[in-house]
Amino acid sequence: MTDWNRDTVPPAEVPLVGDGVTQGITRAGDTVRRPVRPFTMTVQAFLAHLHAAGFPHAPIPLGIDEQGREVLSFVPGDVPREPLPPGTAGEEVLVELARLIRGLHDAAQGWVPPHDAVWGGIPGAQVTSSTSDGEPLVVGHRDYCPGNVVFREGLPAALIDFDLAKPTSKVDDLANALYYWAPLLHPHDRAPAYVDLDIPRRVGIFADAYGMTAGQRRALVPAATRMVGRFHANMRAAAEVDPAFRRMWDDGVKDRLPRAEAWIRRHGPAITTYLTGTL
Ligand SMILES: Nc1ncnc2c1ncn2[C@@H]1O[C@H](COP(=O)(O)OP(=O)(O)O)[C@@H](O)[C@H]1O
Ligand SMILES: [Mg+2]
């Protein structure tokens, strides 16, 4: 493009490819365009609430464009891909992520979703609800995979892709983040920089930075164990109905999830001991 038409031609759209779940995402200038799904307007209402409640670390919802696509602000920064690069394995990353999620939960607290709210989910999933632990549910992000965390200067700075947001127990939402970032995975399935890390210690650092209560600390490992079981059942079901999930299943999820279940059964007690200080 030459300079003479710079002011009259709309910015060229650049495809954004993440984990390959959502097709047709583009960046146009300072905005992102995404296909509208049944839950889009509920997510936009939630994002608007977060900003109004003082949590700016998420895309700004900007409605629907002339082509009927969702418009969000583009969040500047770097989004890591799997396998997680070595620079993300530091404990300060866990601290910042935990603080971000605490800010999200505090801002989400008390938000009453619209009466006609529609929530997203993994295609074909059978078991989607989190188990109530007696605490009030909040709308959480529920998908803290690497591709949904924007880094700036080496630290988590914002969350994107709220497609799986819905009411959840806070502990379940934290378990989701720890699954990816502690991580709660068998060493065989971790990125190289994460293989030898002290997972109970990392979970403890995350818990301190979030400010987890004694009850949340006791509930974490049972919640994470149930969550990995749900992941396994849901990914198996999704692989039957959706080609992107079939690819992920065949490319390793089918082995990674049972290994994660076995790993957490074996090492969960050490995490609980560390978290609750009951040596
Ligand atoms: N609002 C945004 N700001 C910055 N980057 C974004 C934004 N939305 C999406 N992206 C980029 O596009 C990728 C895929 O988008 P995402 O919304 O996560 O879709 P998917 O459902 O495929 O995971 C993200 O990993 C990120 O790199
Ligand atoms: Mg994503």
# chains A, B, ... in the order shown; residues from 1 in each chain; ligands from 1
>>> residues_around(residues="A:Asp116", least_positions_apart="3", cutoff="12 Å", atoms="only C-alpha atoms", output="list in words")
Pro38, Phe39, Met41, Thr42, Ala45, Val112, Pro113 and Trp119 of chain A
>>> residues_near_ligand(ligand="ligand 1", cutoff="7 Å", atoms="only C-alpha atoms and all ligand atoms", output="PyMOL selection string")
chain A and resi 16-23+25+32+59+72-76+79+147-148+160-161
>>> write_last_selection(atoms="N, CA and C atoms", output="mmCIF file, in the first residue's frame")
data_model
loop_
_atom_site.group_PDB
_atom_site.id
_atom_site.type_symbol
_atom_site.label_atom_id
_atom_site.label_comp_id
_atom_site.auth_asym_id
_atom_site.auth_seq_id
_atom_site.Cartn_x
_atom_site.Cartn_y
_atom_site.Cartn_z
ATOM 1 N N LEU A 16 -5.402 -13.757 12.940
ATOM 2 C CA LEU A 16 -4.809 -14.126 14.229
ATOM 3 C C LEU A 16 -5.078 -15.602 14.436
ATOM 4 N N VAL A 17 -4.011 -16.346 14.580
ATOM 5 C CA VAL A 17 -4.184 -17.784 14.787
ATOM 6 C C VAL A 17 -3.706 -18.112 16.188
ATOM 7 N N GLY A 18 -4.567 -18.712 16.950
ATOM 8 C CA GLY A 18 -4.199 -19.057 18.318
ATOM 9 C C GLY A 18 -4.021 -20.548 18.441
ATOM 10 N N ASP A 19 -4.900 -21.149 19.197
ATOM 11 C CA ASP A 19 -4.805 -22.587 19.414
ATOM 12 C C ASP A 19 -5.657 -23.336 18.390
ATOM 13 N N GLY A 20 -6.155 -22.598 17.406
ATOM 14 C CA GLY A 20 -6.868 -23.228 16.307
ATOM 15 C C GLY A 20 -8.304 -23.610 16.630
ATOM 16 N N VAL A 21 -8.819 -23.119 17.754
ATOM 17 C CA VAL A 21 -10.191 -23.478 18.121
ATOM 18 C C VAL A 21 -11.188 -22.624 17.352
ATOM 19 N N THR A 22 -10.946 -21.313 17.340
ATOM 20 C CA THR A 22 -11.880 -20.396 16.700
ATOM 21 C C THR A 22 -11.306 -19.966 15.351
ATOM 22 N N GLN A 23 -12.060 -20.225 14.291
ATOM 23 C CA GLN A 23 -11.619 -19.852 12.946
ATOM 24 C C GLN A 23 -12.065 -18.430 12.654
ATOM 25 N N ILE A 25 -10.528 -15.369 13.112
ATOM 26 C CA ILE A 25 -10.208 -14.218 13.963
ATOM 27 C C ILE A 25 -9.199 -13.351 13.227
ATOM 28 N N VAL A 32 -9.948 -6.397 17.325
ATOM 29 C CA VAL A 32 -9.970 -7.804 16.925
ATOM 30 C C VAL A 32 -11.392 -8.125 16.492
ATOM 31 N N PRO A 59 -9.985 -7.500 27.125
ATOM 32 C CA PRO A 59 -10.388 -6.698 25.968
ATOM 33 C C PRO A 59 -11.608 -5.827 26.288
ATOM 34 N N LEU A 72 -13.609 -6.454 19.517
ATOM 35 C CA LEU A 72 -12.981 -6.273 20.828
ATOM 36 C C LEU A 72 -11.747 -5.404 20.630
ATOM 37 N N SER A 73 -11.297 -4.744 21.678
ATOM 38 C CA SER A 73 -10.031 -4.035 21.552
ATOM 39 C C SER A 73 -8.896 -5.056 21.447
ATOM 40 N N PHE A 74 -7.874 -4.703 20.661
ATOM 41 C CA PHE A 74 -6.661 -5.531 20.600
ATOM 42 C C PHE A 74 -5.835 -5.222 21.841
ATOM 43 N N VAL A 75 -5.425 -6.254 22.551
ATOM 44 C CA VAL A 75 -4.636 -6.081 23.776
ATOM 45 C C VAL A 75 -3.164 -6.249 23.420
ATOM 46 N N PRO A 76 -2.365 -5.180 23.480
ATOM 47 C CA PRO A 76 -0.963 -5.300 23.068
ATOM 48 C C PRO A 76 -0.150 -6.167 24.033
ATOM 49 N N VAL A 79 1.734 -13.157 23.376
ATOM 50 C CA VAL A 79 0.938 -14.300 23.828
ATOM 51 C C VAL A 79 1.766 -15.561 23.603
ATOM 52 N N GLY A 147 -2.332 -19.499 25.376
ATOM 53 C CA GLY A 147 -2.792 -18.624 24.288
ATOM 54 C C GLY A 147 -3.807 -17.582 24.720
ATOM 55 N N ASN A 148 -4.223 -17.631 25.985
ATOM 56 C CA ASN A 148 -5.217 -16.673 26.468
ATOM 57 C C ASN A 148 -4.648 -15.706 27.505
ATOM 58 N N ILE A 160 -7.334 -12.719 27.752
ATOM 59 C CA ILE A 160 -8.176 -12.585 26.560
ATOM 60 C C ILE A 160 -8.960 -13.887 26.379
ATOM 61 N N ASP A 161 -9.856 -13.892 25.411
ATOM 62 C CA ASP A 161 -10.621 -15.095 25.042
ATOM 63 C C ASP A 161 -11.475 -15.593 26.213
#
>>> select_by_dssp(residues="stretch 39-253 of chain A", states="strand (DSSP E or B)", output="list in words")
Pro61, Leu62, Gly63, Ile64, Glu70, Val71, Leu72, Ser73, Asp78, Val138, Val139, Gly140, Val149, Val150, Phe151, Arg152, Leu155, Pro156, Ala157, Ala158, Leu159, Lys166, Pro167 and Thr168 of chain A
>>> write_last_selection(atoms="N, CA and C atoms", output="CSV table (one decimal), in the first residue's frame")
chain,number,residue,atom,x,y,z
A,61,PRO,N,-15.1,-4.5,25.2
A,61,PRO,CA,-16.1,-5.0,24.2
A,61,PRO,C,-16.6,-3.8,23.4
A,62,LEU,N,-16.6,-4.0,22.0
A,62,LEU,CA,-16.9,-2.9,21.2
A,62,LEU,C,-18.1,-3.2,20.2
A,63,GLY,N,-18.9,-4.2,20.6
A,63,GLY,CA,-20.1,-4.5,19.9
A,63,GLY,C,-19.9,-5.4,18.7
A,64,ILE,N,-20.7,-5.1,17.6
A,64,ILE,CA,-20.7,-6.0,16.4
A,64,ILE,C,-20.4,-5.1,15.2
A,70,GLU,N,-18.0,-10.0,16.1
A,70,GLU,CA,-17.7,-9.4,17.4
A,70,GLU,C,-16.5,-8.5,17.2
A,71,VAL,N,-16.5,-7.3,17.9
A,71,VAL,CA,-15.4,-6.4,17.9
A,71,VAL,C,-14.9,-6.3,19.3
A,72,LEU,N,-13.6,-6.5,19.5
A,72,LEU,CA,-13.0,-6.3,20.8
A,72,LEU,C,-11.7,-5.4,20.6
A,73,SER,N,-11.3,-4.7,21.7
A,73,SER,CA,-10.0,-4.0,21.6
A,73,SER,C,-8.9,-5.1,21.4
A,78,ASP,N,2.6,-9.9,24.3
A,78,ASP,CA,3.1,-11.2,23.7
A,78,ASP,C,2.2,-12.3,24.3
A,138,VAL,N,-18.7,-17.2,41.1
A,138,VAL,CA,-18.5,-15.9,40.3
A,138,VAL,C,-18.4,-16.3,38.9
A,139,VAL,N,-18.6,-15.4,38.0
A,139,VAL,CA,-18.3,-15.7,36.6
A,139,VAL,C,-16.7,-15.6,36.5
A,140,GLY,N,-16.1,-16.7,36.1
A,140,GLY,CA,-14.7,-16.8,36.0
A,140,GLY,C,-14.3,-17.0,34.5
A,149,VAL,N,-3.3,-15.7,27.6
A,149,VAL,CA,-2.7,-14.8,28.6
A,149,VAL,C,-1.7,-13.9,27.8
A,150,VAL,N,-1.9,-12.6,28.0
A,150,VAL,CA,-1.0,-11.6,27.3
A,150,VAL,C,0.0,-11.2,28.3
A,151,PHE,N,1.3,-11.3,27.8
A,151,PHE,CA,2.4,-10.9,28.6
A,151,PHE,C,2.9,-9.5,28.2
A,152,ARG,N,3.4,-8.7,29.2
A,152,ARG,CA,4.2,-7.5,28.8
A,152,ARG,C,5.4,-7.5,29.7
A,155,LEU,N,5.8,-10.6,32.0
A,155,LEU,CA,4.9,-11.0,33.0
A,155,LEU,C,3.4,-10.9,32.5
A,156,PRO,N,2.6,-11.8,33.0
A,156,PRO,CA,1.2,-11.7,32.6
A,156,PRO,C,0.6,-10.3,32.9
A,157,ALA,N,-0.1,-9.8,31.9
A,157,ALA,CA,-0.6,-8.4,32.0
A,157,ALA,C,-2.1,-8.3,31.7
A,158,ALA,N,-2.6,-9.3,31.0
A,158,ALA,CA,-4.1,-9.3,30.7
A,158,ALA,C,-4.5,-10.6,30.3
A,159,LEU,N,-5.8,-10.8,30.3
A,159,LEU,CA,-6.5,-12.1,29.9
A,159,LEU,C,-7.3,-11.8,28.7
A,166,LYS,N,-18.1,-18.5,32.6
A,166,LYS,CA,-19.4,-18.8,33.1
A,166,LYS,C,-19.3,-18.9,34.6
A,167,PRO,N,-20.5,-19.0,35.3
A,167,PRO,CA,-20.4,-19.1,36.8
A,167,PRO,C,-19.6,-20.3,37.2
A,168,THR,N,-18.7,-20.1,38.2
A,168,THR,CA,-17.8,-21.2,38.6
A,168,THR,C,-17.5,-20.9,40.1
>>> closest_residue(among="A:Ile60, A:Ala48, A:Ala223, A:Ala165", to="ligand 2", atoms="only C-alpha atoms and all ligand atoms")
A:Ala165
>>> residues_around(residues="A:Gly29", least_positions_apart="2", cutoff="8 Å", atoms="only C-alpha atoms", output="VMD selection string")
chain A and resid 11 to 13 27 31 to 32 74
>>> write_last_selection(atoms="N, CA and C atoms", output="compact mmCIF listing (two decimals), in the first residue's frame")
# COMPACT_ATOMS: atom_id res chain seq x y z
N PRO A 11 -7.73 -0.19 7.71
CA PRO A 11 -6.53 -1.00 7.96
C PRO A 11 -6.73 -2.42 7.45
N ALA A 12 -5.67 -2.95 6.83
CA ALA A 12 -5.76 -4.33 6.34
C ALA A 12 -5.96 -5.25 7.54
N GLU A 13 -6.73 -6.31 7.32
CA GLU A 13 -6.95 -7.25 8.42
C GLU A 13 -5.89 -8.35 8.37
N ARG A 27 -7.10 -9.30 13.18
CA ARG A 27 -6.81 -8.01 13.79
C ARG A 27 -7.02 -6.94 12.74
N THR A 31 -8.27 -3.21 16.82
CA THR A 31 -9.40 -4.08 17.18
C THR A 31 -9.17 -5.51 16.71
N VAL A 32 -9.95 -6.40 17.33
CA VAL A 32 -9.97 -7.80 16.92
C VAL A 32 -11.39 -8.13 16.49
N PHE A 74 -7.87 -4.70 20.66
CA PHE A 74 -6.66 -5.53 20.60
C PHE A 74 -5.83 -5.22 21.84
>>> closest_residue(among="A:Gly277, A:Gly252, A:Gly268, A:Pro183", to="A:Leu94", atoms="only C-alpha atoms")
A:Pro183
>>> residues_around(residues="A:Gln216", least_positions_apart="6", cutoff="10 Å", atoms="only C-alpha atoms", output="list in words")
Asp133, Glu135, Ser169, Lys170, Val171, Asp172, Leu174, Ala207, Ala223, Leu275 and Thr276 of chain A
>>> closest_residue(among="A:Arg217, A:Arg37, A:Lys254, A:Arg81", to="ligand 2", atoms="only C-alpha atoms and all ligand atoms")
A:Arg81
>>> closest_residue(among="A:Asp106, A:Asp143, A:Glu92, A:Asp198", to="ligand 2", atoms="only C-alpha atoms and all ligand atoms")
A:Asp143
>>> select_by_dssp(residues="stretch 55-245 of chain A", states="helix (DSSP H, G or I)", output="PyMOL selection string")
chain A and resi 86-88+91-108+146-148+170-181+187-189+192-194+199-210+214-241+243-245
>>> atom_distance(atom1="atom CA of A:Arg190", atom2="atom CA of A:Leu84")
8.4 Å
>>> atom_distance(atom1="atom CA of A:Pro243", atom2="atom CA of A:Leu178")
26.9 Å
>>> residues_around(residues="stretch 98-102 of chain A", least_positions_apart="6", cutoff="7 Å", atoms="only C-alpha atoms", output="VMD selection string")
chain A and resid 206 209 to 210
>>> closest_residue(among="A:Gly87, A:Gly77, A:Pro187, A:Gly154", to="A:Trp263", atoms="only C-alpha atoms")
A:Pro187
>>> decode(residues="stretch 107-122 of chain A", atoms="all heavy atoms", output="PDB file, in the first residue's frame")
ATOM      1  N   ALA A 107     -13.612  -8.220  40.772  1.00  0.00           N
ATOM      2  CA  ALA A 107     -14.467  -7.399  39.907  1.00  0.00           C
ATOM      3  C   ALA A 107     -15.733  -8.153  39.499  1.00  0.00           C
ATOM      4  O   ALA A 107     -16.795  -7.559  39.316  1.00  0.00           O
ATOM      5  CB  ALA A 107     -13.685  -6.966  38.666  1.00  0.00           C
ATOM      6  N   ALA A 108     -15.610  -9.477  39.362  1.00  0.00           N
ATOM      7  CA  ALA A 108     -16.764 -10.275  38.912  1.00  0.00           C
ATOM      8  C   ALA A 108     -17.769 -10.502  40.035  1.00  0.00           C
ATOM      9  O   ALA A 108     -18.953 -10.742  39.788  1.00  0.00           O
ATOM     10  CB  ALA A 108     -16.277 -11.633  38.389  1.00  0.00           C
ATOM     11  N   GLN A 109     -17.261 -10.445  41.260  1.00  0.00           N
ATOM     12  CA  GLN A 109     -18.085 -10.711  42.439  1.00  0.00           C
ATOM     13  C   GLN A 109     -19.326  -9.821  42.405  1.00  0.00           C
ATOM     14  O   GLN A 109     -19.234  -8.622  42.246  1.00  0.00           O
ATOM     15  CB  GLN A 109     -17.260 -10.350  43.685  1.00  0.00           C
ATOM     16  CG  GLN A 109     -17.898 -10.691  44.987  1.00  0.00           C
ATOM     17  CD  GLN A 109     -17.482 -12.092  45.415  1.00  0.00           C
ATOM     18  OE1 GLN A 109     -16.306 -12.400  45.398  1.00  0.00           O
ATOM     19  NE2 GLN A 109     -18.450 -12.896  45.769  1.00  0.00           N
ATOM     20  N   GLY A 110     -20.464 -10.434  42.570  1.00  0.00           N
ATOM     21  CA  GLY A 110     -21.689  -9.630  42.659  1.00  0.00           C
ATOM     22  C   GLY A 110     -22.279  -9.264  41.307  1.00  0.00           C
ATOM     23  O   GLY A 110     -23.354  -8.668  41.245  1.00  0.00           O
ATOM     24  N   TRP A 111     -21.594  -9.601  40.216  1.00  0.00           N
ATOM     25  CA  TRP A 111     -22.206  -9.310  38.904  1.00  0.00           C
ATOM     26  C   TRP A 111     -23.365 -10.265  38.668  1.00  0.00           C
ATOM     27  O   TRP A 111     -23.212 -11.482  38.805  1.00  0.00           O
ATOM     28  CB  TRP A 111     -21.179  -9.468  37.765  1.00  0.00           C
ATOM     29  CG  TRP A 111     -21.765  -9.109  36.416  1.00  0.00           C
ATOM     30  CD1 TRP A 111     -22.313  -7.912  36.053  1.00  0.00           C
ATOM     31  CD2 TRP A 111     -21.878  -9.958  35.264  1.00  0.00           C
ATOM     32  NE1 TRP A 111     -22.744  -7.959  34.748  1.00  0.00           N
ATOM     33  CE2 TRP A 111     -22.478  -9.208  34.238  1.00  0.00           C
ATOM     34  CE3 TRP A 111     -21.504 -11.277  34.992  1.00  0.00           C
ATOM     35  CZ2 TRP A 111     -22.731  -9.726  32.963  1.00  0.00           C
ATOM     36  CZ3 TRP A 111     -21.741 -11.793  33.727  1.00  0.00           C
ATOM     37  CH2 TRP A 111     -22.353 -11.028  32.721  1.00  0.00           C
ATOM     38  N   VAL A 112     -24.504  -9.700  38.341  1.00  0.00           N
ATOM     39  CA  VAL A 112     -25.658 -10.544  38.045  1.00  0.00           C
ATOM     40  C   VAL A 112     -25.773 -10.632  36.523  1.00  0.00           C
ATOM     41  O   VAL A 112     -26.032  -9.624  35.860  1.00  0.00           O
ATOM     42  CB  VAL A 112     -26.954  -9.963  38.651  1.00  0.00           C
ATOM     43  CG1 VAL A 112     -28.137 -10.873  38.352  1.00  0.00           C
ATOM     44  CG2 VAL A 112     -26.768  -9.775  40.153  1.00  0.00           C
ATOM     45  N   PRO A 113     -25.526 -11.823  35.952  1.00  0.00           N
ATOM     46  CA  PRO A 113     -25.601 -11.945  34.493  1.00  0.00           C
ATOM     47  C   PRO A 113     -27.009 -11.636  33.998  1.00  0.00           C
ATOM     48  O   PRO A 113     -27.971 -11.756  34.765  1.00  0.00           O
ATOM     49  CB  PRO A 113     -25.258 -13.425  34.246  1.00  0.00           C
ATOM     50  CG  PRO A 113     -24.596 -13.899  35.499  1.00  0.00           C
ATOM     51  CD  PRO A 113     -25.165 -13.076  36.617  1.00  0.00           C
ATOM     52  N   PRO A 114     -27.136 -11.224  32.735  1.00  0.00           N
ATOM     53  CA  PRO A 114     -28.469 -10.980  32.185  1.00  0.00           C
ATOM     54  C   PRO A 114     -29.341 -12.239  32.312  1.00  0.00           C
ATOM     55  O   PRO A 114     -28.821 -13.353  32.308  1.00  0.00           O
ATOM     56  CB  PRO A 114     -28.218 -10.653  30.709  1.00  0.00           C
ATOM     57  CG  PRO A 114     -26.746 -10.670  30.502  1.00  0.00           C
ATOM     58  CD  PRO A 114     -26.061 -11.022  31.767  1.00  0.00           C
ATOM     59  N   HIS A 115     -30.674 -12.051  32.419  1.00  0.00           N
ATOM     60  CA  HIS A 115     -31.536 -13.220  32.653  1.00  0.00           C
ATOM     61  C   HIS A 115     -31.476 -14.196  31.470  1.00  0.00           C
ATOM     62  O   HIS A 115     -31.718 -15.378  31.621  1.00  0.00           O
ATOM     63  CB  HIS A 115     -32.984 -12.800  32.947  1.00  0.00           C
ATOM     64  CG  HIS A 115     -33.663 -12.197  31.764  1.00  0.00           C
ATOM     65  ND1 HIS A 115     -33.536 -10.871  31.414  1.00  0.00           N
ATOM     66  CD2 HIS A 115     -34.433 -12.752  30.795  1.00  0.00           C
ATOM     67  CE1 HIS A 115     -34.203 -10.636  30.301  1.00  0.00           C
ATOM     68  NE2 HIS A 115     -34.752 -11.759  29.894  1.00  0.00           N
ATOM     69  N   ASP A 116     -31.150 -13.650  30.277  1.00  0.00           N
ATOM     70  CA  ASP A 116     -31.074 -14.531  29.107  1.00  0.00           C
ATOM     71  C   ASP A 116     -29.614 -14.885  28.773  1.00  0.00           C
ATOM     72  O   ASP A 116     -29.261 -15.153  27.621  1.00  0.00           O
ATOM     73  CB  ASP A 116     -31.745 -13.878  27.897  1.00  0.00           C
ATOM     74  CG  ASP A 116     -31.178 -12.477  27.615  1.00  0.00           C
ATOM     75  OD1 ASP A 116     -30.351 -11.968  28.425  1.00  0.00           O
ATOM     76  OD2 ASP A 116     -31.562 -11.887  26.586  1.00  0.00           O
ATOM     77  N   ALA A 117     -28.752 -14.904  29.775  1.00  0.00           N
ATOM     78  CA  ALA A 117     -27.329 -15.207  29.558  1.00  0.00           C
ATOM     79  C   ALA A 117     -27.163 -16.570  28.876  1.00  0.00           C
ATOM     80  O   ALA A 117     -27.882 -17.521  29.178  1.00  0.00           O
ATOM     81  CB  ALA A 117     -26.587 -15.204  30.887  1.00  0.00           C
ATOM     82  N   VAL A 118     -26.217 -16.612  27.956  1.00  0.00           N
ATOM     83  CA  VAL A 118     -25.859 -17.877  27.289  1.00  0.00           C
ATOM     84  C   VAL A 118     -24.367 -18.087  27.526  1.00  0.00           C
ATOM     85  O   VAL A 118     -23.579 -17.160  27.303  1.00  0.00           O
ATOM     86  CB  VAL A 118     -26.129 -17.803  25.764  1.00  0.00           C
ATOM     87  CG1 VAL A 118     -25.724 -19.112  25.086  1.00  0.00           C
ATOM     88  CG2 VAL A 118     -27.592 -17.472  25.484  1.00  0.00           C
ATOM     89  N   TRP A 119     -23.989 -19.265  27.965  1.00  0.00           N
ATOM     90  CA  TRP A 119     -22.570 -19.522  28.261  1.00  0.00           C
ATOM     91  C   TRP A 119     -21.977 -20.474  27.229  1.00  0.00           C
ATOM     92  O   TRP A 119     -22.656 -21.361  26.724  1.00  0.00           O
ATOM     93  CB  TRP A 119     -22.426 -20.130  29.659  1.00  0.00           C
ATOM     94  CG  TRP A 119     -23.069 -19.296  30.724  1.00  0.00           C
ATOM     95  CD1 TRP A 119     -24.173 -19.600  31.454  1.00  0.00           C
ATOM     96  CD2 TRP A 119     -22.660 -17.992  31.170  1.00  0.00           C
ATOM     97  NE1 TRP A 119     -24.469 -18.591  32.321  1.00  0.00           N
ATOM     98  CE2 TRP A 119     -23.555 -17.589  32.173  1.00  0.00           C
ATOM     99  CE3 TRP A 119     -21.606 -17.130  30.817  1.00  0.00           C
ATOM    100  CZ2 TRP A 119     -23.442 -16.359  32.825  1.00  0.00           C
ATOM    101  CZ3 TRP A 119     -21.505 -15.905  31.468  1.00  0.00           C
ATOM    102  CH2 TRP A 119     -22.409 -15.539  32.457  1.00  0.00           C
ATOM    103  N   GLY A 120     -20.691 -20.280  26.970  1.00  0.00           N
ATOM    104  CA  GLY A 120     -19.998 -21.158  26.027  1.00  0.00           C
ATOM    105  C   GLY A 120     -19.563 -22.441  26.715  1.00  0.00           C
ATOM    106  O   GLY A 120     -19.722 -22.616  27.927  1.00  0.00           O
ATOM    107  N   GLY A 121     -19.013 -23.331  25.919  1.00  0.00           N
ATOM    108  CA  GLY A 121     -18.525 -24.587  26.471  1.00  0.00           C
ATOM    109  C   GLY A 121     -17.788 -25.347  25.387  1.00  0.00           C
ATOM    110  O   GLY A 121     -17.796 -24.953  24.219  1.00  0.00           O
ATOM    111  N   ILE A 122     -17.149 -26.412  25.804  1.00  0.00           N
ATOM    112  CA  ILE A 122     -16.456 -27.264  24.845  1.00  0.00           C
ATOM    113  C   ILE A 122     -17.523 -28.003  24.043  1.00  0.00           C
ATOM    114  O   ILE A 122     -18.487 -28.507  24.624  1.00  0.00           O
ATOM    115  CB  ILE A 122     -15.523 -28.226  25.613  1.00  0.00           C
ATOM    116  CG1 ILE A 122     -14.394 -27.409  26.237  1.00  0.00           C
ATOM    117  CG2 ILE A 122     -14.969 -29.311  24.703  1.00  0.00           C
ATOM    118  CD1 ILE A 122     -13.513 -28.198  27.165  1.00  0.00           C
TER     119      ILE A 122
END
